[in-house]
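The next block is protein05.cif, given as mmCIF, C-alpha atoms.
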```cif
data_protein
#
loop_
_atom_site.label_atom_id
_atom_site.label_comp_id
_atom_site.auth_asym_id
_atom_site.auth_seq_id
_atom_site.Cartn_x
_atom_site.Cartn_y
_atom_site.Cartn_z
CA MET A 174 0.29 29.56 34.12
CA ASP A 175 -2.72 27.42 35.02
CA PRO A 176 -1.62 23.78 34.55
CA VAL A 177 -5.11 22.69 33.52
CA ALA A 178 -5.28 25.31 30.77
CA TRP A 179 -1.77 24.33 29.70
CA LEU A 180 -2.75 20.66 29.48
CA LEU A 181 -5.95 21.49 27.57
CA GLY A 182 -3.96 23.60 25.12
CA LEU A 183 -1.44 20.83 24.65
CA GLY A 184 -4.21 18.28 24.16
CA SER A 185 -5.95 20.45 21.57
CA LEU A 186 -2.68 20.90 19.71
CA LEU A 187 -2.14 17.14 19.77
CA VAL A 188 -5.63 16.41 18.42
CA PHE A 189 -5.18 19.04 15.72
CA GLY A 190 -1.84 17.50 14.75
CA ILE A 191 -3.37 14.00 14.58
CA ILE A 192 -6.20 15.25 12.35
CA VAL A 193 -3.79 17.03 10.00
CA VAL A 194 -1.54 13.97 9.73
CA HIS A 195 -4.59 11.75 9.15
CA LEU A 196 -5.86 14.01 6.35
CA LEU A 197 -2.44 14.11 4.68
CA ALA A 198 -2.09 10.32 4.93
CA ALA A 199 -5.61 9.88 3.56
CA LEU A 200 -4.85 12.23 0.66
CA VAL A 201 -1.82 10.19 -0.34
CA LEU A 202 -4.12 7.14 -0.51
CA ILE A 203 -7.13 8.91 -2.04
CA ILE A 204 -5.35 10.15 -5.20
CA PRO A 205 -4.26 6.73 -6.55
CA THR A 206 -7.42 5.04 -5.27
CA TRP A 207 -9.54 7.64 -7.08
CA ARG A 208 -7.75 6.72 -10.30
CA ILE A 209 -8.22 2.98 -9.68
CA CYS A 210 -11.93 3.44 -8.94
CA THR A 211 -12.57 5.48 -12.10
CA ARG A 212 -10.61 3.01 -14.24
CA ALA A 213 -12.68 0.19 -12.77
CA GLY A 214 -15.85 2.10 -13.63
CA PHE A 215 -16.84 3.26 -10.15
CA SER A 216 -17.20 6.83 -8.97
CA GLY A 217 -13.92 8.30 -7.81
CA ALA A 218 -15.73 9.52 -4.70
CA LEU A 219 -15.60 5.93 -3.44
CA SER A 220 -11.97 6.58 -2.56
CA LEU A 221 -13.08 9.19 0.00
CA PHE A 222 -13.77 6.26 2.35
CA HIS A 223 -10.06 6.54 3.12
CA LEU A 224 -11.06 9.48 5.32
CA VAL A 225 -12.84 7.05 7.66
CA PRO A 226 -10.26 5.95 10.23
CA LEU A 227 -9.34 2.26 10.47
CA ILE A 228 -12.14 0.65 8.41
CA GLY A 229 -12.26 3.13 5.50
CA PRO A 230 -9.53 1.50 3.37
CA PHE A 231 -11.12 -1.90 3.97
CA ILE A 232 -14.47 -0.64 2.63
CA VAL A 233 -12.85 0.67 -0.58
CA MET A 234 -10.86 -2.53 -1.07
CA GLY A 235 -13.93 -4.64 -0.35
CA VAL A 236 -15.98 -2.88 -3.03
CA LEU A 237 -13.17 -3.17 -5.58
CA ALA A 238 -12.44 -6.80 -4.69
CA PHE A 239 -15.91 -8.30 -4.42
CA THR A 240 -18.05 -6.51 -7.03
CA ASP A 241 -18.04 -6.72 -10.82
CA TRP A 242 -16.22 -3.76 -12.35
CA PRO A 243 -18.50 -1.77 -14.66
CA ASN A 244 -15.60 -1.15 -17.08
CA GLY A 245 -14.76 -4.84 -17.28
CA GLU A 246 -12.19 -7.18 -15.76
CA ALA A 247 -9.47 -9.40 -17.13
CA PRO A 248 -10.98 -12.75 -18.23
CA PRO A 249 -10.53 -15.36 -15.45
CA GLY A 250 -8.55 -17.71 -17.70
CA LYS A 251 -5.97 -15.07 -18.54
CA ARG A 252 -5.15 -13.91 -15.01
CA MET B 142 -2.29 -4.99 35.49
CA GLY B 143 0.56 -6.59 33.57
CA MET B 144 -1.69 -9.38 32.35
CA GLU B 145 -4.33 -6.89 31.26
CA ILE B 146 -1.79 -4.94 29.19
CA LEU B 147 -0.52 -8.19 27.66
CA GLY B 148 -4.14 -9.15 26.86
CA LEU B 149 -4.67 -5.80 25.16
CA PHE B 150 -1.59 -6.34 23.03
CA GLY B 151 -2.85 -9.83 22.22
CA LEU B 152 -6.22 -8.47 21.14
CA SER B 153 -4.56 -5.82 18.96
CA SER B 154 -2.41 -8.51 17.38
CA VAL B 155 -5.46 -10.63 16.59
CA PHE B 156 -7.23 -7.67 14.96
CA GLY B 157 -4.04 -6.76 13.13
CA LEU B 158 -3.66 -10.30 11.82
CA ILE B 159 -7.29 -10.47 10.67
CA GLY B 160 -6.89 -7.09 8.95
CA LEU B 161 -3.70 -8.21 7.25
CA VAL B 162 -5.23 -11.46 5.94
CA LEU B 163 -8.34 -9.61 4.74
CA ALA B 164 -6.31 -6.86 3.07
CA GLY B 165 -4.03 -9.42 1.40
CA TRP B 166 -7.00 -11.40 0.07
CA MET B 167 -8.73 -8.30 -1.28
CA ALA B 168 -5.51 -6.95 -2.81
CA TRP B 169 -5.03 -10.33 -4.54
CA ARG B 170 -8.54 -10.13 -6.05
CA ILE B 171 -8.21 -6.49 -7.11
CA VAL B 172 -4.86 -7.00 -8.82
CA GLU B 173 -6.18 -10.15 -10.55
CA LYS B 174 -9.08 -8.19 -12.04
CA THR B 175 -6.60 -5.97 -13.88
CA GLY B 176 -4.87 -8.99 -15.43
CA LEU B 177 -1.78 -8.84 -13.20
CA PRO B 178 -0.78 -11.80 -11.02
CA GLY B 179 -2.71 -11.76 -7.74
CA TRP B 180 0.36 -12.60 -5.67
CA ALA B 181 1.75 -9.15 -6.53
CA GLY B 182 -1.11 -7.55 -4.57
CA LEU B 183 -0.64 -9.93 -1.65
CA GLY B 184 3.09 -9.26 -1.70
CA ALA B 185 2.54 -5.52 -1.57
CA ILE B 186 0.37 -5.93 1.53
CA LEU B 187 2.85 -8.29 3.20
CA LEU B 188 5.61 -5.74 2.61
CA THR B 189 4.02 -3.65 5.35
CA LEU B 190 5.27 -6.29 7.82
CA THR B 191 8.89 -5.74 6.83
CA GLY B 192 11.29 -3.02 7.80
CA ILE B 193 10.40 -1.13 4.64
CA GLY B 194 7.15 -0.26 6.36
CA MET B 195 4.50 1.67 4.48
CA ILE B 196 6.64 3.55 1.96
CA VAL B 197 7.18 0.81 -0.64
CA PRO B 198 3.54 -0.44 -0.63
CA LEU B 199 2.47 3.19 -1.00
CA ILE B 200 4.76 3.66 -4.00
CA LEU B 201 3.45 0.38 -5.45
CA LEU B 202 -0.13 1.65 -5.02
CA TRP B 203 0.69 4.77 -7.03
CA VAL B 204 2.45 2.71 -9.72
CA PHE B 205 -0.50 0.31 -9.88
CA ALA B 206 -2.99 3.16 -10.22
CA PHE B 207 -1.22 4.86 -13.11
CA MET B 208 0.38 1.91 -14.96
CA ARG B 209 -1.11 0.25 -18.05
CA TRP B 210 -3.21 -2.72 -17.00
CA PRO B 211 -3.12 -5.99 -19.02
CA ARG B 212 -6.94 -5.93 -18.88
CA ASP B 213 -6.95 -2.96 -21.28
CA GLU B 214 -4.48 -4.64 -23.65
CA MET B 215 -6.47 -7.89 -23.63
CA ALA B 216 -9.66 -5.99 -24.44
CA ALA B 217 -7.96 -4.19 -27.31
CA ALA B 218 -6.41 -7.37 -28.71
CA ALA B 219 -9.44 -9.63 -28.47
CA PRO B 220 -12.71 -7.86 -29.25
CA GLY B 221 -15.72 -9.62 -27.76
CA ALA B 222 -13.54 -12.09 -25.87
CA SER B 223 -15.02 -11.20 -22.50
CA SER B 224 -18.03 -13.01 -21.11
CA PRO B 225 -21.36 -11.16 -21.05
CA ALA B 226 -21.26 -11.03 -17.25
CA ARG B 227 -18.07 -9.03 -17.45
CA PRO B 228 -18.41 -6.51 -20.25
CA ALA B 229 -15.22 -5.60 -22.02
CA SER B 230 -13.85 -2.10 -22.21
CA PRO B 231 -14.95 -0.18 -25.30
CA GLY B 232 -11.26 -0.38 -26.21
CA ALA B 233 -12.28 -3.79 -27.58
CA LEU B 234 -14.06 -2.13 -30.49
CA SER B 235 -11.99 -2.03 -33.63
CA PRO B 236 -11.16 1.36 -35.16
CA PRO B 237 -12.80 2.32 -38.46
CA PRO B 238 -10.52 0.93 -41.18
CA ALA B 239 -12.05 2.36 -44.35
CA ALA B 240 -15.19 3.76 -45.91
CA LEU B 241 -17.99 1.28 -46.57
CA ALA B 242 -19.56 0.81 -49.99
CA ASP B 243 -22.99 0.38 -48.40
CA ARG B 244 -24.45 3.87 -48.06
CA ARG B 245 -27.96 2.96 -46.95
CA PRO B 246 -29.17 5.02 -43.97
CA TRP B 247 -28.51 3.69 -40.47
CA ARG B 248 -31.44 2.84 -38.25
CA LEU B 249 -31.65 2.49 -34.47
CA SER B 250 -34.87 0.95 -33.20
CA GLY B 251 -36.10 -0.09 -29.79
CA LEU B 252 -38.63 0.46 -27.06
CA SER B 253 -38.35 3.34 -24.59
CA ALA B 254 -40.57 4.42 -21.71
CA GLY B 255 -42.28 6.82 -24.13
CA GLY B 256 -43.06 4.10 -26.68
CA PRO B 257 -41.40 2.58 -29.75
CA VAL B 258 -38.38 4.46 -31.08
CA VAL B 259 -37.11 4.40 -34.65
CA LEU B 260 -34.18 6.70 -35.42
CA SER B 261 -32.88 7.10 -38.93
CA MET B 262 -29.51 8.56 -39.87
CA ASP B 263 -29.25 9.05 -43.61
CA GLY B 264 -26.02 11.01 -43.59
CA THR B 265 -27.55 14.34 -44.60
CA GLN B 266 -26.22 15.61 -41.26
CA PRO B 267 -22.57 14.91 -40.34
CA ALA B 268 -23.49 14.49 -36.69
CA TYR B 269 -26.63 13.77 -34.72
CA VAL B 270 -27.37 14.45 -31.06
CA LEU B 271 -29.22 11.74 -29.21
CA THR B 272 -31.37 13.27 -26.46
CA GLY B 273 -34.16 12.39 -24.07
CA ALA B 274 -35.86 15.72 -24.76
CA ALA B 275 -38.10 16.50 -27.71
CA ALA B 276 -36.11 17.08 -30.90
CA GLN B 277 -35.80 20.79 -31.66
CA GLN B 278 -33.43 20.68 -34.62
CA ALA B 279 -32.95 18.52 -37.69
CA ASN B 280 -29.87 16.83 -36.24
CA GLU B 281 -31.52 15.88 -32.92
CA LEU B 282 -32.80 12.36 -32.35
CA CYS B 283 -35.25 11.87 -29.50
CA VAL B 284 -35.40 8.81 -27.24
CA PRO B 285 -38.16 9.71 -24.76
CA ASP B 286 -36.97 7.98 -21.61
CA PRO B 287 -36.04 9.31 -18.14
CA THR B 288 -32.72 7.40 -18.19
CA VAL B 289 -31.63 9.13 -21.40
CA GLY B 290 -29.68 12.36 -20.93
CA GLN B 291 -30.49 15.68 -22.50
CA PRO B 292 -28.26 15.41 -24.49
CA HIS B 293 -27.00 11.85 -24.05
CA ALA B 294 -24.69 10.94 -26.93
CA ARG B 295 -23.50 12.07 -30.33
CA LEU B 296 -23.73 9.97 -33.52
CA PHE B 297 -21.51 10.53 -36.54
CA VAL B 298 -22.07 9.34 -40.11
CA SER B 299 -18.96 9.28 -42.26
CA GLY B 300 -17.90 7.08 -45.17
CA GLY B 301 -20.93 4.87 -44.72
CA ARG B 302 -19.88 4.18 -41.14
CA LEU B 303 -21.59 5.13 -37.90
CA GLY B 304 -19.75 6.52 -34.89
CA LEU B 305 -20.96 7.03 -31.33
CA GLU B 306 -19.67 9.27 -28.56
CA ASP B 307 -20.99 9.31 -24.99
CA LEU B 308 -21.54 12.77 -23.56
CA GLY B 309 -21.17 11.72 -19.93
CA THR B 310 -24.69 11.29 -18.60
CA PRO B 311 -25.50 9.23 -15.50
CA GLY B 312 -27.56 6.69 -17.49
CA GLY B 313 -24.47 5.62 -19.43
CA THR B 314 -23.98 4.19 -22.91
CA ARG B 315 -23.10 0.61 -23.86
CA ILE B 316 -22.03 -0.89 -27.18
CA ASP B 317 -22.89 -4.61 -27.30
CA GLY B 318 -22.64 -4.63 -23.52
CA ALA B 319 -19.33 -2.75 -23.31
CA ARG B 320 -19.47 0.53 -21.45
CA LEU B 321 -18.62 3.62 -23.48
CA LEU B 322 -17.20 6.49 -21.44
CA PRO B 323 -16.78 10.12 -22.54
CA GLU B 324 -12.98 9.78 -22.34
CA HIS B 325 -13.11 7.01 -24.97
CA GLY B 326 -14.20 9.58 -27.55
CA PRO B 327 -16.12 8.61 -30.71
CA ARG B 328 -16.21 4.86 -31.47
CA ASP B 329 -17.08 3.10 -34.70
CA ILE B 330 -20.29 1.13 -34.11
CA SER B 331 -20.89 0.01 -37.71
CA ALA B 332 -20.35 -3.62 -36.71
CA ALA B 333 -22.30 -3.35 -33.43
CA ARG B 334 -25.69 -4.93 -32.98
CA ALA B 335 -27.16 -3.33 -29.86
CA ILE B 336 -26.67 0.05 -28.26
CA HIS B 337 -27.86 0.85 -24.75
CA VAL B 338 -28.60 4.47 -23.92
CA GLY B 339 -29.60 4.52 -20.28
CA THR B 340 -31.86 1.48 -19.94
CA VAL B 341 -33.14 1.69 -23.52
CA GLU B 342 -31.82 -0.98 -25.89
CA LEU B 343 -31.60 0.09 -29.52
CA ALA B 344 -30.95 -2.41 -32.30
CA LEU B 345 -28.68 -1.16 -35.07
CA SER B 346 -29.54 -1.94 -38.66
CA ARG B 347 -29.57 -0.51 -42.15
CA ALA B 348 -32.79 1.08 -43.35
#
```

Transcribe the structure of this file into structure tokens.
Amino acid sequence: MDPVAWLLGLGSLLVFGIIVVHLLAALVLIIPTWRICTRAGFSGALSLFHLVPLIGPFIVMGVLAFTDWPNGEAPPGKR
Amino acid sequence: MGMEILGLFGLSSVFGLIGLVLAGWMAWRIVEKTGLPGWAGLGAILLTLTGIGMIVPLILLWVFAFMRWPRDEMAAAAPGASSPARPASPGALSPPPAALADRRPWRLSGLSAGGPVVLSMDGTQPAYVLTGAAAQQANELCVPDPTVGQPHARLFVSGGRLGLEDLGTPGGTRIDGARLLPEHGPRDISAARAIHVGTVELALSRA
């Protein structure tokens, strides 16, 4: 068997595996984040930023942390 | 070569540390907004540093997403307690206790993009549909404005009281500043003063 073809096949399999694992990991984060976003008053689609590698979760958290929630927040004095 | 690899690890550590601090700070703020103690969010992020790894913070995220937040209880217990900058949940509106003796028709008046709007609900219809389109039927109330859905909301007259239900349009509905969502169902607005449908503000009064 051609070693180059073998390596390319192995590499493709590895990339495919990484993508599948990334999607599964993102899904586990997207479901609860979708719920949090809708309860806060944002579109649930905001949670799809989890699909962006590395910075995606930071974007979602940044929006939730630093903007006023359309559905209201706990009063500052009662936190 | 060895130094370069060590430098790479050092750089990764710096980015990792910045990410951890940022995530902890944001988690603190998010958890605080729900009425829970902020340190709980920070703690959940810091748990990723321990041997427990990602599993426990992940479970905590799921619990946090589906648990009852103190914010909702506060809103239900203290109507109108929130500041105007942070509108309360429509859960803050009290449920209709009993029929009212006053049976005068309800009136919603305001100014839309299409001109002045005066809507009257005399109770001859059990329910009215508030729409941005021209009224076709006796129970349709027209608010000619592009931010008002077609239909936008449903109004109910029962026992001298007035109820409002949002039908899930992008423009949204607000009761005295508090957002009304379709999942909240019909809400008693007899004691409300201002209703927002889209960007149109309607004052509630008796005719």

Practice item. Identify all residues satisfying the PyMOL selection byres ((chain A and resi 206) around 9) in the given file; provide them as JSON, numbers by chain. Key: {"A": [202, 203, 204, 205, 207, 208, 209, 210, 211, 217, 219, 220, 221, 223, 233], "B": [202, 203, 206]}

Review point. Where does the PyMOL selection byres ((chain A) within 8 of (chain B)) land in this file, that is, which residues does it pick, as JSON, numbers by chain?
Key: {"A": [202, 205, 206, 208, 209, 231, 234, 235, 237, 238, 239, 241, 242, 243, 244, 245, 246, 247, 248, 251, 252]}

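Using only C-alpha atoms, the nearest neighbour of Ala198 (chain A) within the list A:Val225, A:Gly182, A:Thr240, A:Ile232 is A:Val225.
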
Exercise for review: Check what the PyMOL selection byres ((chain B and resi 261) around 8) selects in the file above and give those residues as an MDAnalysis selection string.
Suggested key: chainID B and resid 246:249 259:260 262:263 348

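Restricting the calculation to all atoms listed in the file, the smallest distance between Arg302 (chain B) and any of B:Arg315, B:His337, B:Arg347, B:Arg209 is found for B:Arg347.
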
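Taking CA of Ala276 (chain B) and CA of Ala332 (chain B) as the two end points, the separation is 26.7 Å.
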
**Study point:** One-decimal distance in Å that lies between CA of Ser250 (chain B) and CA of Leu305 (chain B)
**Key:** 15.3 Å

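Reported to one decimal place, the separation of CA of Ile159 (chain B) from CA of Leu187 (chain B) is 12.8 Å.
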
Practice item. Might you pull out every residue within 7 Å of His293 (chain B), with only C-alpha atoms counted and same-chain residues fewer than 2 positions away left off, and present them as a list in words? Key: Leu271, Thr272, Val289, Gly290, Gln291, Asp307, Leu308 and Thr310 of chain B

Please save C-alpha atoms of the selected residues as a PDB file, keeping the file's coordinate frame.
```pdb
ATOM      1  CA  LEU B 271     -29.220  11.740 -29.210  1.00  0.00           C
ATOM      2  CA  THR B 272     -31.370  13.270 -26.460  1.00  0.00           C
ATOM      3  CA  VAL B 289     -31.630   9.130 -21.400  1.00  0.00           C
ATOM      4  CA  GLY B 290     -29.680  12.360 -20.930  1.00  0.00           C
ATOM      5  CA  GLN B 291     -30.490  15.680 -22.500  1.00  0.00           C
ATOM      6  CA  ASP B 307     -20.990   9.310 -24.990  1.00  0.00           C
ATOM      7  CA  LEU B 308     -21.540  12.770 -23.560  1.00  0.00           C
ATOM      8  CA  THR B 310     -24.690  11.290 -18.600  1.00  0.00           C
TER       9      THR B 310
END
```

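Between Gln278 (chain B) and the residues B:Gln266, B:Leu183, B:Ser154, B:Ser346, the shortest atom-to-atom distance, using all atoms listed in the file, involves B:Gln266.
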
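Using only C-alpha atoms, the smallest distance between any of B:Gly256, B:Gly309, B:Pro267, B:Gly304 and Cys283 (chain B) comes from B:Gly256.
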